[in-house]
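Undergrad: Can you read through this structure? Questions will come right after.
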Amino acid sequence: MADEILSTIDYKPPRRRWLDTPVEFRRGTWCYGAKAKSLEAVGLPNPREWSPDQEDWKLPPNWREILLEGLRERLERFRSLRLFMDTCVRCGACADKCHYYIGSGDPKNMPVLRAELLRAVYRKNFTLAGRIMGEFVGARELTQDVLKEWFYYFFQCSECRRCSVFCPFGIDTAELTMIARELLNLVGCNIDWIAGPVANCYRTGNHLGLEPHAFKDMVDFCVDELEEVTGVRVEPTFNRKGAEVLFIAPSGDVFADPGMYTFMGYLLVFHEVGLDYTLSTYASEGGNFGLFTSHEMMKRLNAKMYAEAERLGVKWILGGECGHMWRVVHQYMDTMNGPADFLEEPVSPVTGTKFDHAKSTKMVHIAEFTADLIRHGKLKLDPGRNDHLRVTFHDSCNPARAMGLLEEPRYIIRSVCRHFHEMPENTIREQTFCCGSGAGLNADENMEIRLRGGFPRANAVRYVREKYGVNALACLCAIDRAVLPPLMEYWVPGVDVYGVHELVGNALVLKGEKERTTDLRGEPLDRTDDDEDL
Amino acid sequence: MALVDQLRERREAVLERWLDVALGDYPEETARFLRTERDQFANPVGHSTRRGLEGLLGWLLRETGRDEAQALLDGIVRIRALQDLSAGRALAFILELKELIRAELAAEIEAGRISQEELCTLEKRVDGLALLAFDIYVECREQIHRIRLEELRRASWAASRLARERGLSSDQLARQEGV
Amino acid sequence: MGIRVSLFAVLALILVAYVGVALLGLELLFGVIMPYAAMAAFLAGLVYHVIKWARSPVPFRIPTTCGQQRALPWIKASEVDNPSTAVSAAARVALEALLFRSLLRNTKAELADGSLAYRWEKWLWLGGLLFHWSLLVIVLRHLRFFTEPVPGFVNLLRDLDGFLHVNLQVLYITDIVILLAVTYLFLRRVVIPQVRYISLPGDYFPLFLILSIALSGILMAHFIRVDVVAVKELAMGLVTFSPTVPEGIGAIFYIHLFLVSVLLAYFPSSKLIHMVGIFLSPTRNLPNDSRRRRHVNPWNYPVDVHTYEEYEDEFREKMKKADIPVERY
């Protein structure tokens with residue numbers, strides 16, 4: 001009896017090649033399937049009720065043809081895909097760079113294998129060698145098991161691009177994941193956590209599905225809170241024609257804790273420099289879960305930004321702190337929905353700085369805007385008001401690896417905080433570790449995979465916490481602000497998560513403000529006079 | 001204390017074998033990476049496991065307090081509570097230490113240089129660790145569930161406050177609408 | 001499985017060449033027809049792939065940025081790792097192709113006296129670099145068989161590479177290096193379990209093939225001497241399209257030549273095509289200037305959007321009640 005129990009506990013799956021190991025849907029690692037109503041709302045194919053852990057995925061009868069035809073089409077449309085299918089030499093440089101692999105140990109989470117899932121089908125159907133020699137050259141048929149494996153692993157990639165930094169050929173798993181998810185969407189295999197926000201965003205302008213009056217209420221709520229802390233009443237406007245600047249933030253900053261404190265920081269900065277700006281309820285979402293669905297869906301959601309800027313007659317657009325939003329704005333928006341010739345080249349009305357680097361897209365990142373303000377001495381700052389925080393900075397994947405926004409936020413943090421400590425070199429900047437929940441994977445049913453994937457990041461935070469007593473993790477992304485708190489709670493208790501502009505909001509001395517006794521969260525200030533370790 | 005002395009002498013060997021056992025729960029291609037990659041940031045799982053086991057061995061030999069054991073175990077169990085391992089498998093490595101020590105010291109035991117009594121005392125301490133680990137494991141699992149609930153609250157914290165004020169429908173708060 | 005199959009395949013190839021030449025006297029086949037066919041397959045395959053790749057457009061500007069962007073003038077940009085111009089992007093690709101820049105990024109943290117130090121994980125980079133550079137030098141050295149008069153740089157390269165003499169014979173450094181490097185690349189595939197897990201027969205086969213080519217070449221140079229004058233005559237015949245098959249070249253030469261032919265023919269349809277692919281990768285060869293200059297997608301097509309009018313029609317009353325301006329009352 002005892003032996004029998006031991007042997008079941010000892011059970012270890014027999015060693016097999018990865019090609020022969022079908023995927024097992026273990027609880028905690030996968031996300032619920034997209035609901036029919038979400039797909040219907042935006043006209044995506046095969047709406048139905050289904051669940052990934054059931055045997056029958058209710059695929060259309062010709063699902064195989066649809067996928068192969070879809071793959072052929074994309075091979076013709078994306079040189080990236082074509083190249084990445086052909087050029088990998090399986091050197092293994094990427095293998096230990098993926099946070100999901102490092103945290104889960106599942107070998108199929110090695111970026112090279114994630115890509116091989118797609119490559120194997122490509123070889124079988126689109127190369128002569130694959131057709132003739134089959135598995136010998138790593139080719140395999142597209143079966144339902146393979147499709148399920150795609151779903152499992154391409155919704156276990158956060159499109160963070162860390163592996164791409166180390167690849168000698170620049171093979172970008174994010175690009176492959178985007179295309180694989182696009183294929184999966186052709187047969188209705190999206191996840192609920194992405195499809196739901198997409199449907200909401202399409203209709204109401206933001207992921208939460210807040211209707212215009214509710215969105216305004218949320219902002220008003222922030223305004224009230226701010227008045228309580230600072231004694232100053234800021235006055236944002238909505239859908240106002242003729243404003244100079246349209247400001248778009250990720251909607252998570254408007255309604256979620258702790259994102260809303262970052263939003264308060266934006267409002268304070270704008271108020272202080274007297275920026276002539278408006279918010280929009282129609283384009284009330286900076287984030288874009290279309291990016292995690294398909295290129296087309298990304299374009300459909302993103303279109304609102306330029307459309308609204310044109311309708312309101314603003315001169316240029318300013319964007320809030322968000323990761324994947326900036327991937328879309330920086331690398332896709334102008335190409336997809338431009339040219340934005342109805343806008344003007346962005347110029348800071350406060351400092352006169354021409355944002356030459358954004359002269360075509362006409363959209364400026366708020367970290368660029370604020371860094372410029374600080375540099376020109378336009379903000380009166382009292383960094384001592386952040387003395388209760390010992391800060392470290394998490395580079396969000398997209399601003400780091402799809403933009404290169406590395407120094408701007410650091411410059412801001414150094415200006416508004418007196419205790420700032422970097423995490424180890426191989427975990428920040430272009431080598432930054434993902435939060436583990438990017439690319440639409442911040443659902444709650446897959447919490448275990450999120451905590452695993454976030455472990456490398458948390459581990460680096462733990463290091464600076466132990467070494468310098470860090471208690472604040474600053475970041476530049478709304479998803480980070482949503483998902484890092486649980487990650488910290490599990491791995492590094494005692495570290496809270498802050499947006500960069502929340503720290504600015506704490507330090508910013510407003511004209512006519514009252515004596516501040518708390519930070520924006522209502523936490524008491526704790527000025528330390530002597531100890532400065534910048 | 002022949003046993004403790006012997007173990008102290010062979011600490012490295014025991015540690016390496018124990019690591020093999022603990023990391024042996026991972027697929028082979030991963031186990032090797034976890035085992036050999038010494039960078040604590042590139043390989044947090046392997047690093048934490050090694051550091052934890054090292055500490056636990058020391059704890060067994062030094063007989064210090066429960067708090068220290070708790071902290072050491074937490075470093076390992078917190079990781080294993082999240083992996084694709086059943087609860088039994090996740091904690092088996094602790095009990096397997098007993099067998100491992102007996103194997104490592106087989107010659108000494110055979111020759112009677114280590115008394116059964118000493119061995120029993122040590123094994124009881126290992127059992128104690130296993131029970132402690134069980135507590136931590138359960139706490140971790142409960143924490144994961146608490147975190148899930150807490151996150152839902154956070155994601156729509158302001159929205160639900162607003163909804164309460166305005167009496168919006170519950171559909172507005174449905175889970176897929178929080179991001 | 002992959003290892004054994006690949007090894008047998010290479011051994012079989014050697015046997016085929018040996019039997020063909022030594023027993024059946026098919027010098028013409030192995031000395032002329034095969035090389036021509038292989039070269040034709042190589043060129044055609046290369047052209048085919050490049051055309052195939054080039055026909056797929058680059059719809060979006062998606063460089064992987066590995067350093068500070070060029071934005072605010074007072075923040076120093078990292079021009080090579082995050083190029084803002086086509087010239088810097090070219091420099092980035094050149095660094096990638098010549099020095100394997102990305103593999104160089106592998107740093108590892110180590111704790112020394114309580115503080116962190118970074119060690120450079122350089123073995124794969126070093127092995128890869130030595131292998132590829134040796135291969136290039138060896139190929140260039142072989143130009144002396146295909147040119148008359150031999151260009152100065154080929155002779156120079158030969159002298160540099162062959163400055164070591166053992167028993168009055170020239171010993172090329174690159175010969176030694178390539179053997180070591182290929183052996184290393186093979187061993188790491190076998191020894192590192194992750195790499196072994198991802199390896200396909202198509203990863204082992206070229207390693208064995210190149211190893212066999214190098215070994216047969218070294219054998220010829222040092223142990224089983226062949227008539228170099230005759231070899232050159234054959235080689236010149238090939239490049240001048242007036243092929244001849246001189247008498248008395250040993251079978252070992254034909255084995256060498258046949259393996260090279262196989263490598264050439266195999267090249268385009270295998271992972272070896274990465275030699276060309278590296279220059280085309282859109283994550284590396286594009287400047288990160290997508291906000292400065294608009295990138296055009298040739299297949300950009302109109303999509304369904306939810307217009308502001310539709311939005312206002314749905315929410316007009318609520319907007320009015322909340323004092324949000326509307327277009328139509």
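Identifiers for the structure tokens are assigned positionally: chains receive A, B, ... in sequence, residues are indexed from 1 per chain, and ligands are indexed from 1 in the order shown.
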Any idea which chain B residues end up within 8 Å of chain C if we count only C-alpha atoms, as a PyMOL selection string please?
TA: chain B and resi 28-30+32-33+38-42
Undergrad: Skip range 212-218 of chain C itself and residues of its chain fewer than 2 positions away, then list as a PyMOL selection string all residues within 8 Å of it, counting only C-alpha atoms.
TA: chain C and resi 10+175+178-179+208-210+220-223+252-253+255-256+259-260
Undergrad: Got a sec: who's within 9 Å of Gln156 in chain A, counting only C-alpha atoms, leaving out chain neighbours fewer than 5 positions off, as a ChimeraX atom specification?
TA: /A:29-30,100,109,151,441,449
Undergrad: Can I get the selection written as an mmCIF file, in the first residue's frame, with C-alpha atoms?
TA:
```cif
data_model
loop_
_atom_site.group_PDB
_atom_site.id
_atom_site.type_symbol
_atom_site.label_atom_id
_atom_site.label_comp_id
_atom_site.auth_asym_id
_atom_site.auth_seq_id
_atom_site.Cartn_x
_atom_site.Cartn_y
_atom_site.Cartn_z
ATOM 1 C CA THR A 29 -2.138 27.935 -16.251
ATOM 2 C CA TRP A 30 -4.702 28.740 -18.941
ATOM 3 C CA TYR A 100 7.932 31.780 -18.186
ATOM 4 C CA ASN A 109 8.279 27.773 -22.794
ATOM 5 C CA PHE A 151 -3.479 27.973 -27.825
ATOM 6 C CA LEU A 441 -2.619 37.426 -19.734
ATOM 7 C CA ILE A 449 1.361 30.970 -14.420
#
```
Undergrad: For Val328 in chain A, list every protein, DNA or RNA residue within 12 Å, evaluated using only C-alpha atoms, and leave out those in the same chain fewer than 6 positions away; present the list as an mmCIF file with C-alpha atoms, in the first residue's frame.
TA:
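Result file is result-v3.cif:
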```cif
data_model
loop_
_atom_site.group_PDB
_atom_site.id
_atom_site.type_symbol
_atom_site.label_atom_id
_atom_site.label_comp_id
_atom_site.auth_asym_id
_atom_site.auth_seq_id
_atom_site.Cartn_x
_atom_site.Cartn_y
_atom_site.Cartn_z
ATOM 1 C CA GLY A 286 -4.730 54.150 -24.428
ATOM 2 C CA GLY A 287 -4.346 50.419 -24.104
ATOM 3 C CA ASN A 288 -5.231 48.241 -27.051
ATOM 4 C CA PHE A 289 -6.108 44.608 -26.534
ATOM 5 C CA GLY A 290 -6.565 44.432 -30.274
ATOM 6 C CA LEU A 291 -2.786 44.082 -30.361
ATOM 7 C CA PHE A 292 -3.255 40.737 -28.634
ATOM 8 C CA HIS A 295 -3.287 43.368 -36.576
ATOM 9 C CA MET A 297 -8.326 44.441 -34.491
ATOM 10 C CA MET A 298 -5.433 46.571 -33.281
ATOM 11 C CA LYS A 299 -6.060 48.970 -36.134
ATOM 12 C CA ARG A 300 -9.809 49.059 -35.526
ATOM 13 C CA LEU A 301 -9.395 50.040 -31.895
ATOM 14 C CA ASN A 302 -6.500 52.396 -32.471
ATOM 15 C CA ALA A 303 -8.374 54.322 -35.160
ATOM 16 C CA MET A 305 -7.157 58.170 -31.395
ATOM 17 C CA GLY A 319 -0.107 59.725 -24.161
ATOM 18 C CA CYS A 322 1.277 52.434 -20.608
ATOM 19 C CA ASP A 334 1.070 56.091 -37.960
ATOM 20 C CA THR A 335 1.479 53.242 -40.428
ATOM 21 C CA MET A 336 -1.990 51.855 -39.806
ATOM 22 C CA ASN A 337 -4.124 54.924 -39.330
ATOM 23 C CA THR A 361 3.058 60.397 -35.554
ATOM 24 C CA MET A 363 2.048 61.797 -30.279
ATOM 25 C CA ASN A 398 7.375 47.659 -24.598
ATOM 26 C CA PRO A 399 8.775 51.097 -23.767
ATOM 27 C CA ALA A 402 10.037 48.587 -28.726
ATOM 28 C CA MET A 403 10.903 52.211 -28.133
ATOM 29 C CA PHE C 60 5.497 47.598 -39.886
ATOM 30 C CA ARG C 61 8.607 49.106 -38.426
ATOM 31 C CA ILE C 62 9.361 46.753 -35.572
ATOM 32 C CA SER C 290 8.646 55.283 -36.691
ATOM 33 C CA ARG C 291 7.364 58.397 -34.945
#
```
Undergrad: Mind pulling up the distance from CA of Thr351 in chain A to CA of Tyr306 in chain A?
TA: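 Going from CA of Tyr306 in chain A over to CA of Thr351 in chain A covers 24.8 Å.
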Undergrad: Could you work out how far CA of Cys94 in chain A lies from CA of Val93 in chain C, giving the answer in Å with one decimal?
TA: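 Distance reported for this atom pair: 18.7 Å.
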